[in-house]
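Enquirer: Structure file upload-v5.txt (compact mmCIF, C-alpha atoms and all ligand atoms) is given on the next line.
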```
# COMPACT_ATOMS: atom_id res chain seq x y z
CA MET A 1346 10.83 8.58 -18.57
CA ARG A 1347 9.76 11.67 -16.68
CA ALA A 1348 7.71 11.27 -13.53
CA ALA A 1349 5.78 13.97 -11.68
CA ILE A 1350 4.83 13.62 -8.03
CA ALA A 1351 1.74 15.35 -6.65
CA GLY A 1352 1.93 15.37 -2.85
CA ALA A 1353 5.72 15.61 -2.94
CA SER A 1354 5.93 17.11 0.55
CA GLY A 1355 4.09 14.18 2.20
CA TYR A 1356 5.23 10.80 3.47
CA ALA A 1357 4.11 8.82 0.41
CA GLY A 1358 5.55 11.48 -1.90
CA GLY A 1359 8.87 11.38 -0.05
CA GLU A 1360 9.09 7.61 -0.35
CA LEU A 1361 8.21 7.75 -4.06
CA LEU A 1362 11.03 10.22 -4.58
CA ARG A 1363 13.52 8.16 -2.56
CA LEU A 1364 12.82 5.13 -4.73
CA LEU A 1365 12.61 6.98 -8.05
CA LEU A 1366 16.04 8.55 -7.41
CA GLY A 1367 17.43 5.01 -7.50
CA HIS A 1368 15.40 3.88 -10.52
CA PRO A 1369 17.46 3.76 -13.73
CA GLU A 1370 14.56 4.59 -16.07
CA PHE A 1371 13.16 7.68 -14.34
CA GLU A 1372 14.04 11.32 -14.10
CA ILE A 1373 12.11 13.47 -11.67
CA GLY A 1374 9.91 16.14 -13.19
CA ALA A 1375 7.37 18.36 -11.47
CA LEU A 1376 6.92 18.25 -7.71
CA THR A 1377 3.57 19.59 -6.54
CA ALA A 1378 1.61 19.95 -3.29
CA ALA A 1379 -0.76 22.44 -1.65
CA SER A 1380 0.23 24.56 1.37
CA SER A 1381 3.93 23.95 0.75
CA ALA A 1382 3.83 25.22 -2.86
CA GLY A 1383 6.51 27.85 -3.39
CA SER A 1384 8.90 26.32 -0.86
CA ARG A 1385 11.89 24.08 -1.59
CA LEU A 1386 11.66 20.32 -1.23
CA GLY A 1387 14.62 20.31 1.17
CA ALA A 1388 12.44 21.96 3.81
CA HIS A 1389 10.06 18.96 3.75
CA GLN A 1390 12.20 15.98 2.69
CA PRO A 1391 15.66 16.63 4.14
CA HIS A 1392 16.63 12.98 3.56
CA LEU A 1393 16.64 13.66 -0.22
CA PRO A 1394 19.56 16.12 -0.61
CA ARG A 1395 19.77 15.68 -4.41
CA LEU A 1396 16.35 17.31 -4.68
CA ALA A 1397 16.74 19.86 -1.88
CA ASP A 1398 16.69 22.92 -4.15
CA ARG A 1399 13.72 21.88 -6.25
CA VAL A 1400 10.75 24.23 -5.83
CA ILE A 1401 7.33 22.73 -5.10
CA GLU A 1402 4.55 23.93 -7.39
CA ASP A 1403 0.78 24.09 -6.96
CA THR A 1404 -1.01 20.90 -8.00
CA THR A 1405 -2.46 21.92 -11.38
CA ALA A 1406 -3.01 20.14 -14.68
CA GLU A 1407 -0.44 22.48 -16.27
CA ALA A 1408 2.26 21.52 -13.77
CA LEU A 1409 1.58 17.80 -14.21
CA ALA A 1410 1.24 17.84 -18.03
CA GLY A 1411 3.99 16.49 -20.28
CA HIS A 1412 5.13 13.64 -18.02
CA ASP A 1413 5.15 9.93 -18.86
CA VAL A 1414 4.00 8.99 -15.36
CA VAL A 1415 2.15 11.04 -12.75
CA PHE A 1416 2.05 9.74 -9.18
CA LEU A 1417 -0.78 11.18 -7.11
CA ALA A 1418 0.02 10.99 -3.38
CA LEU A 1419 -2.85 13.22 -2.30
CA PRO A 1420 -5.49 12.94 0.42
CA HIS A 1421 -8.60 10.91 -0.41
CA GLY A 1422 -11.05 12.64 -2.73
CA HIS A 1423 -8.47 14.79 -4.52
CA SER A 1424 -7.21 12.43 -7.22
CA ALA A 1425 -10.14 12.09 -9.61
CA ALA A 1426 -10.33 15.75 -10.60
CA VAL A 1427 -6.57 15.91 -11.25
CA ALA A 1428 -6.56 12.62 -13.18
CA ALA A 1429 -9.45 13.77 -15.40
CA GLU A 1430 -7.21 16.51 -16.78
CA LEU A 1431 -4.41 14.13 -17.76
CA GLY A 1432 -4.56 12.46 -21.17
CA PRO A 1433 -4.70 8.69 -21.77
CA GLU A 1434 -1.04 8.72 -22.91
CA THR A 1435 0.02 9.49 -19.33
CA VAL A 1436 0.26 6.67 -16.80
CA VAL A 1437 -1.57 7.98 -13.72
CA VAL A 1438 -0.99 6.23 -10.41
CA ASP A 1439 -3.32 6.99 -7.53
CA CYS A 1440 -1.73 6.24 -4.15
CA GLY A 1441 -4.94 7.26 -2.42
CA ALA A 1442 -8.17 5.30 -2.09
CA ASP A 1443 -10.33 6.99 -4.73
CA HIS A 1444 -10.12 4.29 -7.41
CA ARG A 1445 -9.63 1.07 -5.40
CA LEU A 1446 -13.19 -0.09 -4.77
CA ALA A 1447 -15.42 -1.58 -7.47
CA ASP A 1448 -18.66 -1.24 -5.48
CA PRO A 1449 -20.02 2.33 -5.29
CA ALA A 1450 -22.17 1.32 -2.28
CA ALA A 1451 -19.06 0.26 -0.35
CA TRP A 1452 -17.40 3.57 -1.26
CA GLN A 1453 -20.46 5.47 -0.06
CA GLU A 1454 -20.59 3.52 3.22
CA PHE A 1455 -16.92 3.81 4.17
CA TYR A 1456 -15.79 7.06 2.54
CA GLY A 1457 -18.96 8.98 1.64
CA GLY A 1458 -19.52 11.20 -1.39
CA ASP A 1459 -19.41 10.27 -5.05
CA HIS A 1460 -17.45 7.23 -6.19
CA ALA A 1461 -14.74 8.31 -8.64
CA GLY A 1462 -14.58 4.96 -10.50
CA THR A 1463 -12.44 1.85 -10.48
CA TRP A 1464 -8.92 1.49 -11.87
CA PRO A 1465 -6.73 -1.62 -12.27
CA TYR A 1466 -5.66 -2.66 -8.78
CA GLY A 1467 -1.93 -2.36 -8.19
CA LEU A 1468 -1.18 -5.61 -6.38
CA PRO A 1469 0.66 -7.73 -8.99
CA GLU A 1470 0.81 -10.77 -6.70
CA LEU A 1471 -2.96 -11.36 -6.94
CA PRO A 1472 -3.93 -14.07 -9.46
CA GLY A 1473 -4.19 -12.66 -13.00
CA GLN A 1474 -3.23 -9.15 -11.92
CA ARG A 1475 0.07 -8.92 -13.81
CA GLU A 1476 -1.82 -9.38 -17.08
CA ILE A 1477 -4.27 -6.61 -16.09
CA LEU A 1478 -1.46 -4.22 -15.14
CA ALA A 1479 0.58 -4.79 -18.32
CA GLY A 1480 -0.03 -1.69 -20.47
CA ALA A 1481 -2.39 -0.08 -17.93
CA THR A 1482 -2.51 3.72 -17.97
CA ARG A 1483 -4.44 4.09 -14.72
CA ILE A 1484 -3.41 2.26 -11.52
CA ALA A 1485 -5.06 2.25 -8.08
CA VAL A 1486 -2.41 1.58 -5.44
CA PRO A 1487 -3.83 -0.60 -2.62
CA GLY A 1488 -4.11 0.63 0.95
CA CYS A 1489 -1.25 -0.39 3.19
CA TYR A 1490 -3.28 -2.72 5.43
CA PRO A 1491 -5.02 -4.43 2.47
CA THR A 1492 -1.62 -4.98 0.83
CA SER A 1493 -0.49 -6.93 3.89
CA VAL A 1494 -3.70 -8.93 4.33
CA LEU A 1495 -4.12 -9.84 0.66
CA LEU A 1496 -0.51 -11.00 0.38
CA ALA A 1497 -0.87 -13.04 3.58
CA LEU A 1498 -4.09 -14.88 2.75
CA ALA A 1499 -4.34 -15.01 -1.07
CA PRO A 1500 -2.32 -18.26 -1.29
CA ALA A 1501 -4.65 -19.97 1.23
CA PHE A 1502 -7.81 -18.86 -0.59
CA ALA A 1503 -6.40 -19.61 -4.05
CA ALA A 1504 -5.69 -23.19 -2.91
CA ARG A 1505 -9.12 -23.43 -1.19
CA LEU A 1506 -7.51 -24.16 2.17
CA ALA A 1507 -9.37 -21.47 4.14
CA GLY A 1508 -13.00 -20.56 4.84
CA PRO A 1509 -14.54 -17.12 4.33
CA ASP A 1510 -14.58 -15.78 7.94
CA VAL A 1511 -11.34 -13.85 8.25
CA VAL A 1512 -10.09 -12.10 11.39
CA VAL A 1513 -7.22 -9.61 11.12
CA VAL A 1514 -5.45 -7.72 13.88
CA ALA A 1515 -2.69 -5.47 12.57
CA ALA A 1516 -0.26 -2.97 14.05
CA SER A 1517 0.92 0.01 12.02
CA GLY A 1518 3.59 2.62 12.47
CA THR A 1519 2.45 6.22 12.70
CA SER A 1520 3.58 7.24 9.19
CA GLY A 1521 0.51 5.32 7.95
CA ALA A 1522 -1.58 8.25 9.10
CA GLY A 1523 0.31 10.81 6.98
CA LYS A 1524 2.25 13.89 7.92
CA SER A 1525 -0.45 16.39 8.76
CA PRO A 1526 -0.66 17.06 12.53
CA LYS A 1527 -3.19 14.97 14.48
CA SER A 1528 -3.45 14.94 18.28
CA HIS A 1529 -3.55 11.13 18.58
CA LEU A 1530 -0.16 11.03 16.83
CA LEU A 1531 1.63 13.25 19.35
CA GLY A 1532 4.75 11.62 20.72
CA SER A 1533 3.24 11.76 24.21
CA GLU A 1534 0.26 9.73 23.02
CA VAL A 1535 2.14 7.16 20.95
CA MET A 1536 5.45 6.54 22.69
CA GLY A 1537 5.56 3.54 24.99
CA SER A 1538 2.04 2.41 24.10
CA VAL A 1539 0.08 0.35 21.56
CA GLY A 1540 -3.58 1.17 21.11
CA ALA A 1541 -6.52 -0.03 19.02
CA TYR A 1542 -8.56 2.27 16.78
CA GLY A 1543 -11.19 1.91 14.07
CA VAL A 1544 -12.68 -1.08 15.95
CA GLY A 1545 -15.93 -2.84 15.08
CA GLY A 1546 -15.90 -3.26 11.31
CA VAL A 1547 -15.68 0.46 10.60
CA HIS A 1548 -12.16 0.86 9.19
CA ARG A 1549 -12.28 1.94 5.55
CA HIS A 1550 -9.83 -0.74 4.47
CA THR A 1551 -12.31 -3.50 5.39
CA PRO A 1552 -14.26 -3.49 2.10
CA GLU A 1553 -10.98 -3.40 0.15
CA MET A 1554 -9.76 -6.54 1.93
CA GLU A 1555 -13.12 -8.26 1.34
CA GLN A 1556 -13.08 -7.26 -2.33
CA GLY A 1557 -9.63 -8.73 -2.92
CA LEU A 1558 -10.06 -11.93 -0.91
CA SER A 1559 -13.53 -12.62 -2.38
CA ALA A 1560 -12.09 -12.35 -5.89
CA VAL A 1561 -9.36 -14.86 -5.07
CA ALA A 1562 -11.73 -17.21 -3.19
CA LYS A 1563 -14.44 -16.84 -5.86
CA THR A 1564 -16.95 -16.60 -3.01
CA PRO A 1565 -17.86 -13.77 -0.63
CA VAL A 1566 -15.33 -13.40 2.18
CA ARG A 1567 -16.08 -11.46 5.39
CA VAL A 1568 -13.26 -9.71 7.24
CA SER A 1569 -13.30 -8.53 10.86
CA PHE A 1570 -10.42 -6.07 10.97
CA THR A 1571 -8.91 -4.37 14.04
CA PRO A 1572 -6.04 -1.93 13.43
CA THR A 1573 -3.68 -0.84 16.17
CA LEU A 1574 -1.15 1.97 16.29
CA ALA A 1575 2.38 1.07 17.39
CA PRO A 1576 5.18 3.37 18.58
CA MET A 1577 7.31 3.15 15.43
CA SER A 1578 7.52 5.31 12.34
CA ARG A 1579 7.20 2.60 9.66
CA GLY A 1580 5.93 -0.92 9.38
CA ILE A 1581 2.84 -3.10 9.54
CA LEU A 1582 2.58 -6.46 11.29
CA ALA A 1583 -0.70 -8.18 10.43
CA THR A 1584 -1.93 -11.41 12.01
CA CYS A 1585 -4.56 -12.89 9.72
CA THR A 1586 -6.61 -15.97 10.54
CA ALA A 1587 -9.34 -17.95 8.79
CA PRO A 1588 -11.05 -21.29 9.40
CA ALA A 1589 -9.02 -24.17 7.95
CA ALA A 1590 -10.80 -26.17 5.26
CA PRO A 1591 -11.49 -29.83 6.15
CA GLY A 1592 -8.40 -32.02 5.83
CA VAL A 1593 -5.84 -29.19 5.84
CA THR A 1594 -2.58 -30.05 7.60
CA LYS A 1595 0.43 -27.94 8.52
CA GLU A 1596 2.34 -29.67 5.74
CA SER A 1597 -0.31 -29.12 3.03
CA LEU A 1598 -0.61 -25.48 4.04
CA ARG A 1599 3.16 -24.92 3.92
CA THR A 1600 3.39 -26.64 0.55
CA ALA A 1601 0.58 -24.51 -0.90
CA TYR A 1602 2.39 -21.33 0.18
CA GLU A 1603 5.75 -22.58 -1.13
CA VAL A 1604 4.21 -23.33 -4.52
CA ALA A 1605 2.30 -20.04 -4.70
CA LEU A 1606 5.28 -17.91 -3.70
CA LYS A 1607 8.25 -19.65 -5.30
CA ASP A 1608 8.51 -17.13 -8.16
CA GLU A 1609 7.37 -14.03 -6.27
CA PRO A 1610 10.31 -11.62 -6.08
CA PHE A 1611 8.99 -9.54 -3.20
CA VAL A 1612 7.08 -11.96 -0.95
CA ASN A 1613 9.43 -13.96 1.23
CA LEU A 1614 8.07 -17.07 2.92
CA LEU A 1615 10.34 -17.29 5.95
CA PRO A 1616 12.03 -20.52 7.01
CA GLU A 1617 9.80 -22.66 9.22
CA GLY A 1618 9.78 -21.42 12.81
CA VAL A 1619 10.90 -17.88 11.93
CA TRP A 1620 8.15 -15.31 12.48
CA PRO A 1621 7.85 -11.93 10.74
CA ALA A 1622 8.89 -8.66 12.35
CA THR A 1623 8.57 -5.21 10.84
CA ALA A 1624 12.32 -4.56 11.05
CA MET A 1625 12.90 -7.28 8.42
CA THR A 1626 11.25 -5.13 5.74
CA TYR A 1627 12.32 -1.62 6.71
CA GLY A 1628 12.75 0.43 3.52
CA ALA A 1629 12.41 -2.66 1.30
CA ASN A 1630 9.68 -3.50 -1.18
CA THR A 1631 9.30 -6.87 0.46
CA ALA A 1632 6.86 -8.78 2.60
CA ALA A 1633 8.05 -11.24 5.26
CA LEU A 1634 5.44 -13.98 5.61
CA GLN A 1635 4.92 -17.07 7.74
CA VAL A 1636 1.97 -19.45 7.87
CA THR A 1637 0.88 -22.31 10.06
CA LEU A 1638 -2.18 -24.22 11.20
CA ASP A 1639 -3.56 -23.73 14.70
CA GLU A 1640 -4.74 -27.32 15.08
CA ARG A 1641 -6.62 -26.71 18.34
CA ALA A 1642 -8.66 -23.84 16.95
CA GLY A 1643 -8.80 -25.21 13.39
CA ARG A 1644 -7.58 -21.96 11.91
CA VAL A 1645 -5.02 -20.94 9.32
CA ILE A 1646 -2.67 -18.34 10.84
CA ALA A 1647 -0.71 -16.12 8.46
CA VAL A 1648 1.53 -13.42 9.90
CA ILE A 1649 3.04 -10.81 7.59
CA ALA A 1650 5.29 -7.77 7.91
CA ILE A 1651 5.65 -5.00 5.34
CA ASP A 1652 6.94 -1.44 5.32
CA ASN A 1653 3.75 0.59 4.89
CA LEU A 1654 5.53 3.28 2.89
CA THR A 1655 7.49 0.91 0.63
CA LYS A 1656 5.58 -2.25 -0.34
CA GLY A 1657 2.50 -0.67 1.29
CA THR A 1658 2.55 2.45 -0.94
CA ALA A 1659 5.43 3.82 -3.00
CA GLY A 1660 7.32 0.61 -3.78
CA GLY A 1661 4.12 -1.21 -4.68
CA ALA A 1662 3.18 1.73 -6.91
CA ILE A 1663 6.52 1.60 -8.77
CA GLN A 1664 6.31 -2.21 -9.07
CA SER A 1665 2.95 -1.80 -10.84
CA VAL A 1666 4.28 1.02 -13.02
CA ASN A 1667 7.20 -1.19 -14.07
CA LEU A 1668 4.67 -3.77 -15.25
CA ALA A 1669 2.50 -1.14 -16.95
CA LEU A 1670 5.50 0.17 -18.90
CA GLY A 1671 6.86 -3.27 -19.83
CA LEU A 1672 9.94 -2.85 -17.62
CA PRO A 1673 11.32 -5.63 -15.40
CA GLU A 1674 9.04 -5.77 -12.39
CA GLU A 1675 11.88 -5.50 -9.87
CA LEU A 1676 13.65 -2.56 -11.54
CA GLY A 1677 14.77 0.10 -9.05
CA LEU A 1678 13.14 -1.56 -6.07
CA PRO A 1679 14.98 -2.63 -2.90
CA LEU A 1680 14.78 -6.38 -2.31
CA THR A 1681 16.73 -6.36 0.93
CA GLY A 1682 15.93 -4.83 4.30
CA VAL A 1683 18.12 -3.18 6.90
CA ALA A 1684 19.20 -5.07 10.00
CA PRO A 1685 19.40 -4.75 12.91
N1 LIG B 1 1.23 6.94 4.61
C1 LIG B 1 0.97 5.70 4.19
O1 LIG B 1 1.46 4.70 4.75
C2 LIG B 1 0.07 5.49 3.04
C3 LIG B 1 -0.54 6.52 2.35
N2 LIG B 1 -1.34 6.25 1.29
C4 LIG B 1 -2.05 7.31 0.61
O2 LIG B 1 -1.18 8.24 -0.01
C5 LIG B 1 -1.80 9.52 0.00
C6 LIG B 1 -0.84 10.49 0.66
O3 LIG B 1 -0.63 10.05 2.00
P1 LIG B 1 0.55 10.60 2.90
O4 LIG B 1 1.72 10.92 2.09
O5 LIG B 1 0.65 9.67 4.03
O6 LIG B 1 -0.12 11.99 3.42
P2 LIG B 1 0.64 13.31 3.91
O7 LIG B 1 -0.34 14.02 4.76
O8 LIG B 1 1.95 12.97 4.48
O9 LIG B 1 0.87 14.14 2.56
C7 LIG B 1 -0.20 14.66 1.82
C8 LIG B 1 0.35 15.39 0.62
O10 LIG B 1 -0.76 15.87 -0.17
C9 LIG B 1 -0.64 17.29 -0.33
N3 LIG B 1 -1.98 17.87 -0.36
C10 LIG B 1 -2.87 17.97 0.65
N4 LIG B 1 -4.02 18.52 0.22
C11 LIG B 1 -3.84 18.77 -1.10
C12 LIG B 1 -4.63 19.36 -2.11
N5 LIG B 1 -5.86 19.78 -1.85
N6 LIG B 1 -4.12 19.48 -3.34
C13 LIG B 1 -2.86 19.06 -3.63
N7 LIG B 1 -2.05 18.51 -2.71
C14 LIG B 1 -2.53 18.36 -1.47
C15 LIG B 1 0.17 17.75 0.86
O11 LIG B 1 0.75 18.98 0.52
P3 LIG B 1 1.11 20.13 1.59
O12 LIG B 1 2.16 19.58 2.47
O13 LIG B 1 1.62 21.24 0.73
O14 LIG B 1 -0.15 20.46 2.30
C16 LIG B 1 1.17 16.61 0.97
O15 LIG B 1 2.17 16.75 0.01
C17 LIG B 1 -3.12 9.39 0.76
O16 LIG B 1 -4.18 9.22 -0.14
C18 LIG B 1 -2.90 8.14 1.55
O17 LIG B 1 -4.11 7.53 1.81
C19 LIG B 1 -1.50 4.98 0.84
C20 LIG B 1 -0.94 3.92 1.46
C21 LIG B 1 -0.14 4.10 2.66
C1 LIG B 2 -1.74 4.28 11.09
C2 LIG B 2 -2.85 4.82 10.25
O1 LIG B 2 -3.56 5.73 10.65
N1 LIG B 2 -3.04 4.25 9.06
C3 LIG B 2 -4.05 4.67 8.14
C4 LIG B 2 -4.02 3.84 6.88
C5 LIG B 2 -3.04 4.29 5.88
C6 LIG B 2 -3.27 3.81 4.46
O2 LIG B 2 -2.75 3.03 3.79
O3 LIG B 2 -4.30 4.15 3.96
P1 LIG B 2 -4.95 4.89 2.79
O4 LIG B 2 -4.11 4.93 1.61
O5 LIG B 2 -6.21 4.19 2.52
O6 LIG B 2 -5.17 6.21 3.43
C7 LIG B 2 -5.43 4.53 8.75
O7 LIG B 2 -5.69 3.62 9.51
O8 LIG B 2 -6.30 5.30 8.35
```
Give the structure from the file, written as C-alpha cells.

Expert:
Amino acid sequence: MRAAIAGASGYAGGELLRLLLGHPEFEIGALTAASSAGSRLGAHQPHLPRLADRVIEDTTAEALAGHDVVFLALPHGHSAAVAAELGPETVVVDCGADHRLADPAAWQEFYGGDHAGTWPYGLPELPGQREILAGATRIAVPGCYPTSVLLALAPAFAARLAGPDVVVVAASGTSGAGKSPKSHLLGSEVMGSVGAYGVGGVHRHTPEMEQGLSAVAKTPVRVSFTPTLAPMSRGILATCTAPAAPGVTKESLRTAYEVALKDEPFVNLLPEGVWPATAMTYGANTAALQVTLDERAGRVIAVIAIDNLTKGTAGGAIQSVNLALGLPEELGLPLTGVAP
C-alpha cells in the first residue's frame, strides 16, 4: 500500500511517518506541505533519516493522487477541499477537526465557518465503532484531548455507572499546539510552569467529548473541560470525574472496567493503586488508565495518560486505517512505552 502524507513537515505528519516506516504494509509516497514545499524532509524531521532526502511537494490533488491512503495532517479548515478531489477508492484520513462533529451548530459555535461534514469517527474502542470503521474510506481522527476523555469514561457510561455531569482537567505537552511559532509556547513561558488556558467551556474539544460520551451513555452528557499546558513535549494526563450512579462501589466500578477493557489491545487498566503518568505511554499507541470511586464526593474518578502524537493522533489514525483496510488492528503500532 502506498500512503501520502499532507502536512509532512508538521508534528502530526512527522509522527505518522515515524510509525509508517515501521509498518509492514506501507510504503511512503508523496510528502506535501505548504511553506516548506521544495525543501527536503530532513530539514524538518531530522529524526527520520531514511526519508531525509525526500523532497516536499505542494499540497495539490495531483501530488496526492494514485495513493491507497492519504493522511491529511493539515490545520483546521484545509482538509475538506483536498479530500473532495480524491476519489472514493482512496482511504482519506483527516487528522484535523473538520469532519469530527455531527452537529453543524456545534461546529459553527466552536470553530466558525461552514461545516465540512461528518466522517466515521476514528476511535475503535467506542462501542460499535470497529464495525463502522471496517471498510471505511473516510476517517475523522479524534482530537487528542477527546481521545483521552472518551477512553477514560466510556466504560463507566456504557455500564451506566456514571451520571451526565462530567468534569475534566487535563494537562498537555506543547506539541499538542503544533509546530508553528506561538508566543505562549516560548521556552521562557512554558519551562518550569503549568498554566490553564481555554477555561470556561470554550475549548473546541468540548463538543467532541460531549458528542462521544452522549452516544455511549444514550443520554445527553455535559462536560466542563479545563485544559492546562505542561512543560513537556509530548503527553496528556486527563483527570475525568462524573457523579457515581446509586449503588456503585469501588469493586463494581473496577469490575466494569476490567470487563470492558479485557480485549482492548491499546488501553491498559493499570494494577490497583498504580496511577497513570505520561511517561508510561511515550511514543506508544497506548493509554494508561486507572479508575476509582471517591466515596466522600460520590464521584467516579478516571485518570488516563496518552501520548498526544501517538494514540492521540498518528497512532490512532493508523489503528483506524488498519481496521478500514481489513488488516490486524495492532499492525505496525507500538504497544510498549519507553521507561524511565
Ligand atoms: N499536535 C497534536 O497533538 C495533534 C494534532 N492534530 C491535528 O493534526 C493537524 C496537524 O497538526 P500539527 O502537525 O500539530 O500542526 P503543525 O503546525 O506542526 O503542522 C502543520 C502542517 O500543515 C502544513 N500546512 C499548513 N498550512 C497548510 C496549507 N494551507 N496547505 C497545506 N499544508 C499546510 C504545514 O506545512 P508547512 O510547514 O510547509 O507550513 C505543516 O506540515 C491539525 O489539524 C491538528 O489539529 C490532531 C490531534 C493532535
Ligand atoms: C496543547 C494544545 O494547545 N493543544 C491543542 C489541542 C491539540 C489537538 O488535538 O487538537 P486538534 O486536532 O483538534 O487541533 C489545543 O488545545 O488547541

Enquirer: Which residue gives the smallest distance to ligand LIG 1 (chain B) among A:Glu1370, A:Asp1448, A:Asp1403, A:Glu1675, with all atoms listed in the file counted?

Expert: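 With all atoms listed in the file as the atom set, the closest residue is A:Asp1403.
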
Enquirer: Grab the atom CA of His1423 of chain A to atom CA of Arg1347 of chain A distance for me, in Å with one decimal place.

Expert: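 According to the coordinates, atom CA of His1423 of chain A and atom CA of Arg1347 of chain A are separated by 22.1 Å.
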
Enquirer: Give one line per residue of chain A that approaches ligand LIG 1 (chain B) to at most 7 Å, naming the two atoms of the closest pair and their distance in Å to one decimal, counting all atoms listed in the file; sort by chain then ascending residue number and deliver it as a tab-separated table.

Expert:
```
residue	atom	partner	partner_atom	distance
A:Ala1351	CA	B:LIG1	N7	6.3
A:Gly1352	CA	B:LIG1	O15	3.2
A:Ala1353	CA	B:LIG1	O15	4.8
A:Ser1354	CA	B:LIG1	O15	3.8
A:Gly1355	CA	B:LIG1	O9	3.2
A:Tyr1356	CA	B:LIG1	O4	3.8
A:Ala1357	CA	B:LIG1	O4	3.6
A:Gly1358	CA	B:LIG1	O4	5.6
A:Thr1377	CA	B:LIG1	N7	6.9
A:Ala1378	CA	B:LIG1	N7	4.0
A:Ala1379	CA	B:LIG1	O13	3.6
A:Ser1380	CA	B:LIG1	O13	3.7
A:Ser1381	CA	B:LIG1	O13	3.6
A:Ala1382	CA	B:LIG1	O13	5.8
A:Thr1404	CA	B:LIG1	C13	5.1
A:Ala1418	CA	B:LIG1	C5	4.1
A:Leu1419	CA	B:LIG1	O10	4.0
A:Pro1420	CA	B:LIG1	O16	4.0
A:His1421	CA	B:LIG1	O16	4.7
A:His1423	CA	B:LIG1	N5	6.2
A:Cys1440	CA	B:LIG1	O2	4.6
A:Gly1441	CA	B:LIG1	O16	3.1
A:Ala1442	CA	B:LIG1	O16	5.9
A:Pro1487	CA	B:LIG1	C20	6.7
A:Gly1488	CA	B:LIG1	C20	4.6
A:Cys1489	CA	B:LIG1	C20	4.7
A:Ser1520	CA	B:LIG1	N1	5.2
A:Gly1521	CA	B:LIG1	O1	3.4
A:Ala1522	CA	B:LIG1	N1	5.5
A:Gly1523	CA	B:LIG1	O5	3.2
A:Lys1524	CA	B:LIG1	O8	3.6
A:Ser1525	CA	B:LIG1	O7	4.7
A:Asn1653	CA	B:LIG1	O1	4.7
A:Leu1654	CA	B:LIG1	O1	4.7
A:Gly1657	CA	B:LIG1	C21	5.6
A:Thr1658	CA	B:LIG1	C20	4.5
```

Enquirer: One number please: atom CA of Thr1655 of chain A to atom CA of Leu1668 of chain A, in Å, one decimal.

Expert: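 These two atoms are separated by 16.8 Å.
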
Enquirer: Between atom CA of Thr1586 of chain A and atom CA of Ile1646 of chain A, what is the distance, to one decimal in Å?

Expert: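 Going from atom CA of Thr1586 of chain A over to atom CA of Ile1646 of chain A covers 4.6 Å.
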
Enquirer: Distance cut-off 12 Å, centre (-17.1, 3.9, 3.3) in file coordinates, counting all atoms listed in the file: which residues qualify? Return them as a PyMOL selection string.

Expert: chain A and resi 1421+1442-1443+1445-1446+1448-1460+1546-1553

Enquirer: Within 12 Å of Ala1662 of chain A, counting only C-alpha atoms, which residues show up once you throw out same-chain ones fewer than 2 positions away? Write them as number ranges by chain, please.

Expert: A: 1357-1358, 1360-1362, 1364-1365, 1414-1418, 1436-1441, 1465-1469, 1478, 1483-1489, 1492, 1630, 1653-1660, 1664-1669, 1674-1675, 1677-1678

Enquirer: With only C-alpha atoms and all ligand atoms as the basis for distance, which of A:His1529, A:Lys1607, A:Arg1385, A:Arg1567 is at the shortest distance from ligand LIG 2 (chain B)?

Expert: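 Counting only C-alpha atoms and all ligand atoms, the residue closest to ligand LIG 2 (chain B) is A:His1529.
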
Enquirer: Which centre and edge lengths in Å to one decimal define the box along x, y and z that fits every listed atom of segment 1353-1359 of chain A plus 5 Å per side, as AutoDock Vina command-line options?

Expert:
```
--center_x 6.5 --center_y 13.0 --center_z 0.3 --size_x 14.8 --size_y 18.3 --size_z 16.4
```

Enquirer: Can you list, as a PyMOL selection string, every protein, DNA or RNA residue that comes within 10 Å of Gly1374 of chain A when you count only C-alpha atoms, leaving out same-chain residues fewer than 4 positions away?

Expert: chain A and resi 1346-1350+1399+1408-1409+1411-1415

Enquirer: How would the residues just picked look written out with C-alpha atoms as a PDB file, in the frame of the given file?

Expert:
```
ATOM      1  CA  MET A1346      10.830   8.580 -18.570  1.00  0.00           C
ATOM      2  CA  ARG A1347       9.760  11.670 -16.680  1.00  0.00           C
ATOM      3  CA  ALA A1348       7.710  11.270 -13.530  1.00  0.00           C
ATOM      4  CA  ALA A1349       5.780  13.970 -11.680  1.00  0.00           C
ATOM      5  CA  ILE A1350       4.830  13.620  -8.030  1.00  0.00           C
ATOM      6  CA  ARG A1399      13.720  21.880  -6.250  1.00  0.00           C
ATOM      7  CA  ALA A1408       2.260  21.520 -13.770  1.00  0.00           C
ATOM      8  CA  LEU A1409       1.580  17.800 -14.210  1.00  0.00           C
ATOM      9  CA  GLY A1411       3.990  16.490 -20.280  1.00  0.00           C
ATOM     10  CA  HIS A1412       5.130  13.640 -18.020  1.00  0.00           C
ATOM     11  CA  ASP A1413       5.150   9.930 -18.860  1.00  0.00           C
ATOM     12  CA  VAL A1414       4.000   8.990 -15.360  1.00  0.00           C
ATOM     13  CA  VAL A1415       2.150  11.040 -12.750  1.00  0.00           C
TER      14      VAL A1415
END
```

Enquirer: Atoms are missing here; could segment 1588-1593 of chain A be completed with N, CA and C atoms and written as a PDB file, in the coordinates of the input?

Expert:
```
ATOM      1  N   PRO A1588     -10.814 -19.877   9.105  1.00  0.00           N
ATOM      2  CA  PRO A1588     -11.050 -21.290   9.400  1.00  0.00           C
ATOM      3  C   PRO A1588     -10.334 -22.180   8.379  1.00  0.00           C
ATOM      4  N   ALA A1589      -9.689 -23.236   8.879  1.00  0.00           N
ATOM      5  CA  ALA A1589      -9.020 -24.170   7.950  1.00  0.00           C
ATOM      6  C   ALA A1589     -10.073 -25.037   7.275  1.00  0.00           C
ATOM      7  N   ALA A1590      -9.891 -25.274   5.989  1.00  0.00           N
ATOM      8  CA  ALA A1590     -10.800 -26.170   5.260  1.00  0.00           C
ATOM      9  C   ALA A1590     -10.598 -27.601   5.788  1.00  0.00           C
ATOM     10  N   PRO A1591     -11.625 -28.455   5.663  1.00  0.00           N
ATOM     11  CA  PRO A1591     -11.490 -29.830   6.150  1.00  0.00           C
ATOM     12  C   PRO A1591     -10.274 -30.524   5.526  1.00  0.00           C
ATOM     13  N   GLY A1592      -9.519 -31.226   6.350  1.00  0.00           N
ATOM     14  CA  GLY A1592      -8.400 -32.020   5.830  1.00  0.00           C
ATOM     15  C   GLY A1592      -7.083 -31.274   5.710  1.00  0.00           C
ATOM     16  N   VAL A1593      -7.097 -29.948   5.957  1.00  0.00           N
ATOM     17  CA  VAL A1593      -5.840 -29.190   5.840  1.00  0.00           C
ATOM     18  C   VAL A1593      -4.883 -29.594   6.956  1.00  0.00           C
TER      19      VAL A1593
END
```
